[in-house]
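A.B. asks: Questions regarding the structure given below will be posed in turn.
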Amino acid sequence: MKKSFIIIALCAMVTGNLLAQKNDIELMLDRYLSYVRIESQSQYPDNPSEFPLQEGQKAMADFIFNEIMSMGKGVDVKMSPDYYVYAKVPSNMKKKVPSVMFLAHLDVTPEADGSGINPQVHRNYDGGDIMLGHGLVLSPNSSQGKHLNDLLGKTIVTSDGTTLTGADCKTGCAILVTLIEQVLNDKRFNHGDIYFCFSQNEDIGKAADRMDLSYLDKVPDMLIDVDGGDYGQFSVSNFTAEGRAYVFYGNQAHPSNGKASGYGDSRTAASYFVGQLPPETHPSFSEGRQGYIHCYDGDTVKGHCEDYRLEFRIRYFDKKDSAVFTSYLEGAMRRTLAAYPNVGIELAKQEIQYDNVANSMHPKTVKVIQQAAVKTGVKMEPMELRAGTTGAMMVARGLPGGPCIYSGQQAEHSVYEWCCIEELVELTGLCREIVSQIIKL
């Protein structure tokens, strides 16, 4: 009789756990779908100094703000005039422990159509091709869909093949709002101060421009960005990104009398300038920790047809490379001025767009993430990121930085963009365990 009772109790426990897991998946699915249906696409401004906000971005901020507000007491939530949403769940510990801030962004990229998003839910994924619609196929044999091979039987959300889904970074938003909800609902869960920031215009490189930590009562000790697209990985280092622009000032003259009239051909001089850079500094030669110089755009200066402007991306992990790249560009300028004396050259812009988080993050951050990964069984391995994140943008503006962890987004910035709902549930558990590990420091 006693044995039967134990068996019945165990069966009830297993059934209860399965029902709880299913409920978590459905709640996450509903939350994620409610986010992706909001068209919060950001747009590049005509003037780089502007901070444009589309109506959909404002709607997304309002939605998240009201959702967190509705969770009741225990969370302090604020929204800035720039539609950043800040939240804090205060510590319930008697002793002082390190604080943490989690980041995600509310906008989606302008690099693919983001209007009229019609998410498609594929339950119990069977391992084959997923027909997105309009002739597009998401295949587990493709670069966009290779992670599908790990997700048999899971719940996959895609677009209908005409738009992106907004998985970057509405997966992160769904994870973090669910984390707030779980922490508030579990009175036995011990934690320090937990801060959250949902930023704007990350996908146009401006997330840190209007970041205002005065909305918080202190600068958090640790920062973690939940916006990664590399399965099972988190960044411990990333490129420093420098932007430069050179303007070539010409002198218009008829070419038949070019020498006598001092013809200054700005376009040809600009081409010569680029040709003076060593080929091995081009992105096509760069891998691993190697940086690069990339002339990615050039055009006539508006209103001055005789002048030409070149835009450069400069990327490096090691600050020593910055000095080397600068010497190459200065050498190119000297040689171009000598070769085309009728053309003037000006370094019109030089700015650090984002910086390496390794230079400023909390020294225990990597350990905390790795311990949480072991505890939850969620794959999370350190990597060096050949890109930038919100945390990296913050470092460039003198704010604290931190790693970016995988958020479940796949094939981001394209119509193939997708995510797995079960992964979002698991990653919520990982973030919760990160909070638990921090109080042990």
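By convention here, the chains of the structure tokens are called A, B, ... in the order presented, each chain's residues are numbered starting at 1, and ligands are numbered starting at 1 in the order presented.
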Taking 3 positions as the minimum chain separation for residues in the same chain, which residues sit within 9 Å of Pro90 (chain A) when counting only C-alpha atoms? Answer as number ranges by chain.

C.D. replies: A: 74-76, 191-195

A.B. asks: Can you tell me which residues surround region 229-239 of chain A at a distance of at most 6 Å, considering only C-alpha atoms, apart from same-chain residues fewer than 3 positions away, and format the answer as JSON, numbers by chain?

C.D. replies: {"A": [315, 316, 317, 356, 357, 358, 379, 380, 381, 382, 383, 384, 385, 386, 387, 403, 404, 405, 406, 409, 410]}

A.B. asks: Residues of region 375-427 of chain A classed as alpha helix (DSSP H) by DSSP on the backbone are to be reported as a PyMOL selection string.

C.D. replies: chain A and resi 375-376+390-396+421-427

A.B. asks: Can you list, as a tab-separated table (two decimals) with C-alpha atoms, in the first residue's frame, every protein, DNA or RNA residue that comes within 9 Å of region 273-286 of chain A when you count only C-alpha atoms, leaving out same-chain residues fewer than 5 positions away?

C.D. replies:
chain	number	residue	atom	x	y	z
A	268	THR	CA	39.84	60.20	-58.37
A	291	GLY	CA	40.63	43.96	-37.12
A	292	TYR	CA	40.03	45.82	-40.38
A	293	ILE	CA	39.60	49.13	-42.20
A	294	HIS	CA	36.48	49.19	-44.37
A	295	CYS	CA	35.54	51.97	-46.76
A	325	PHE	CA	45.36	51.59	-38.65
A	328	TYR	CA	47.95	53.62	-42.54
A	329	LEU	CA	45.22	56.25	-42.98
A	331	GLY	CA	50.06	57.72	-44.77
A	332	ALA	CA	47.31	57.41	-47.38
A	333	MET	CA	46.40	61.06	-46.79
A	335	ARG	CA	50.52	60.32	-50.43
A	336	THR	CA	47.18	61.43	-51.86

A.B. asks: So, with only C-alpha atoms as the atoms that count, which of A:Pro220, A:Gly145, A:Gly408, A:Gly153 lies closest to Arg123 (chain A)?

C.D. replies: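 Of the candidates, the smallest distance to Arg123 (chain A) is held by A:Gly153.
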
A.B. asks: Excluding Pro400 (chain A) and its own-chain neighbours fewer than 3 positions away, which residues fall within 10 Å of it when counting only C-alpha atoms? Please give them as a ChimeraX atom specification.

C.D. replies: /A:219-223,357,359-362,391-397

A.B. asks: Using the selection just defined, write its residues with N, CA and C atoms as a short mmCIF file (atom, residue, chain, number, x, y, z; two decimals), in the first residue's frame.

C.D. replies:
data_model
loop_
_atom_site.label_atom_id
_atom_site.label_comp_id
_atom_site.auth_asym_id
_atom_site.auth_seq_id
_atom_site.Cartn_x
_atom_site.Cartn_y
_atom_site.Cartn_z
N VAL A 219 24.38 53.02 -10.04
CA VAL A 219 24.94 52.31 -11.20
C VAL A 219 25.10 50.84 -10.83
N PRO A 220 24.48 49.94 -11.55
CA PRO A 220 24.57 48.50 -11.19
C PRO A 220 26.00 47.98 -11.25
N ASP A 221 26.28 46.98 -10.43
CA ASP A 221 27.63 46.40 -10.37
C ASP A 221 27.93 45.55 -11.60
N MET A 222 26.92 44.90 -12.12
CA MET A 222 27.11 43.95 -13.22
C MET A 222 26.07 44.23 -14.29
N LEU A 223 26.46 44.07 -15.54
CA LEU A 223 25.54 44.32 -16.66
C LEU A 223 25.56 43.13 -17.60
N VAL A 357 33.78 45.48 -24.28
CA VAL A 357 33.25 45.33 -22.92
C VAL A 357 34.27 44.73 -21.96
N ASN A 359 37.01 45.74 -21.36
CA ASN A 359 37.75 46.81 -20.70
C ASN A 359 37.08 47.31 -19.43
N SER A 360 35.79 46.95 -19.21
CA SER A 360 35.09 47.57 -18.07
C SER A 360 34.14 46.65 -17.31
N MET A 361 33.92 45.41 -17.76
CA MET A 361 32.89 44.62 -17.11
C MET A 361 33.36 44.08 -15.75
N HIS A 362 32.39 43.75 -14.91
CA HIS A 362 32.66 43.22 -13.58
C HIS A 362 33.50 41.95 -13.70
N GLY A 391 25.70 46.89 -24.60
CA GLY A 391 26.72 47.06 -23.57
C GLY A 391 27.98 47.69 -24.12
N ALA A 392 28.37 47.31 -25.34
CA ALA A 392 29.56 47.88 -25.96
C ALA A 392 29.36 49.36 -26.30
N MET A 393 28.14 49.72 -26.70
CA MET A 393 27.82 51.13 -26.96
C MET A 393 27.90 51.94 -25.67
N MET A 394 27.47 51.32 -24.57
CA MET A 394 27.51 52.00 -23.28
C MET A 394 28.95 52.29 -22.85
N VAL A 395 29.84 51.33 -23.07
CA VAL A 395 31.24 51.52 -22.70
C VAL A 395 31.83 52.72 -23.43
N ALA A 396 31.48 52.88 -24.71
CA ALA A 396 32.00 53.99 -25.51
C ALA A 396 31.57 55.34 -24.96
N ARG A 397 30.52 55.36 -24.15
CA ARG A 397 30.01 56.61 -23.59
C ARG A 397 30.29 56.72 -22.09
#

A.B. asks: Go through region 122-196 of chain A residue by residue and, counting only C-alpha atoms, keep those with an atom at most 7 Å from region 28-38 of chain A; for each kept residue give the shortest atom pair and its distance in Å to one decimal, ordered by chain and increasing number, as a tab-separated table.

C.D. replies:
residue	atom	partner	partner_atom	distance
A:Thr165	CA	A:Val36	CA	6.1
A:Gly166	CA	A:Val36	CA	5.6
A:Lys170	CA	A:Tyr35	CA	6.5
A:Thr171	CA	A:Tyr32	CA	6.8
A:Ala174	CA	A:Tyr32	CA	5.7

A.B. asks: Produce a file of the selected residues containing N, CA and C atoms, as a PDB file, in the first residue's frame.

C.D. replies:
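Everything below was put into selection.pdb:
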ATOM      1  N   THR A 165      10.704  38.836 -38.189  1.00  0.00           N
ATOM      2  CA  THR A 165       9.747  38.612 -37.098  1.00  0.00           C
ATOM      3  C   THR A 165       9.975  39.556 -35.922  1.00  0.00           C
ATOM      4  N   GLY A 166      11.158  40.157 -35.860  1.00  0.00           N
ATOM      5  CA  GLY A 166      11.481  40.976 -34.690  1.00  0.00           C
ATOM      6  C   GLY A 166      12.083  40.167 -33.562  1.00  0.00           C
ATOM      7  N   LYS A 170      13.070  41.003 -29.552  1.00  0.00           N
ATOM      8  CA  LYS A 170      11.853  40.754 -28.777  1.00  0.00           C
ATOM      9  C   LYS A 170      11.912  39.419 -28.049  1.00  0.00           C
ATOM     10  N   THR A 171      12.865  38.569 -28.449  1.00  0.00           N
ATOM     11  CA  THR A 171      13.137  37.388 -27.618  1.00  0.00           C
ATOM     12  C   THR A 171      13.684  37.843 -26.267  1.00  0.00           C
ATOM     13  N   ALA A 174      10.967  39.379 -24.116  1.00  0.00           N
ATOM     14  CA  ALA A 174      10.085  38.355 -23.548  1.00  0.00           C
ATOM     15  C   ALA A 174      10.748  37.634 -22.385  1.00  0.00           C
TER      16      ALA A 174
END

A.B. asks: For CA of Ala245 (chain A) and CA of Ala270 (chain A), quote the distance in Å rounded to one decimal.

C.D. replies: 11.5 Å

A.B. asks: Mind pulling up the distance from CA of Leu424 (chain A) to CA of Val378 (chain A)?

C.D. replies: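 CA of Leu424 (chain A) lies 11.1 Å from CA of Val378 (chain A).
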
A.B. asks: Taking only C-alpha atoms into account, name the residue in A:Tyr125, A:Ser159, A:Thr178, A:Lys349 that is nearest to Pro140 (chain A).

C.D. replies: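 Checking each of A:Tyr125, A:Ser159, A:Thr178, A:Lys349 against Pro140 (chain A), counting only C-alpha atoms, the winner is A:Tyr125.
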
A.B. asks: So which bits of region 25-268 of chain A end up strand (DSSP E) when you DSSP the backbone, as an MDAnalysis selection string?

C.D. replies: chainID A and resid 76:79 85:89 100:105 120:122 130:133 136:138 156:158 194:199 222:228 233:238 240:249
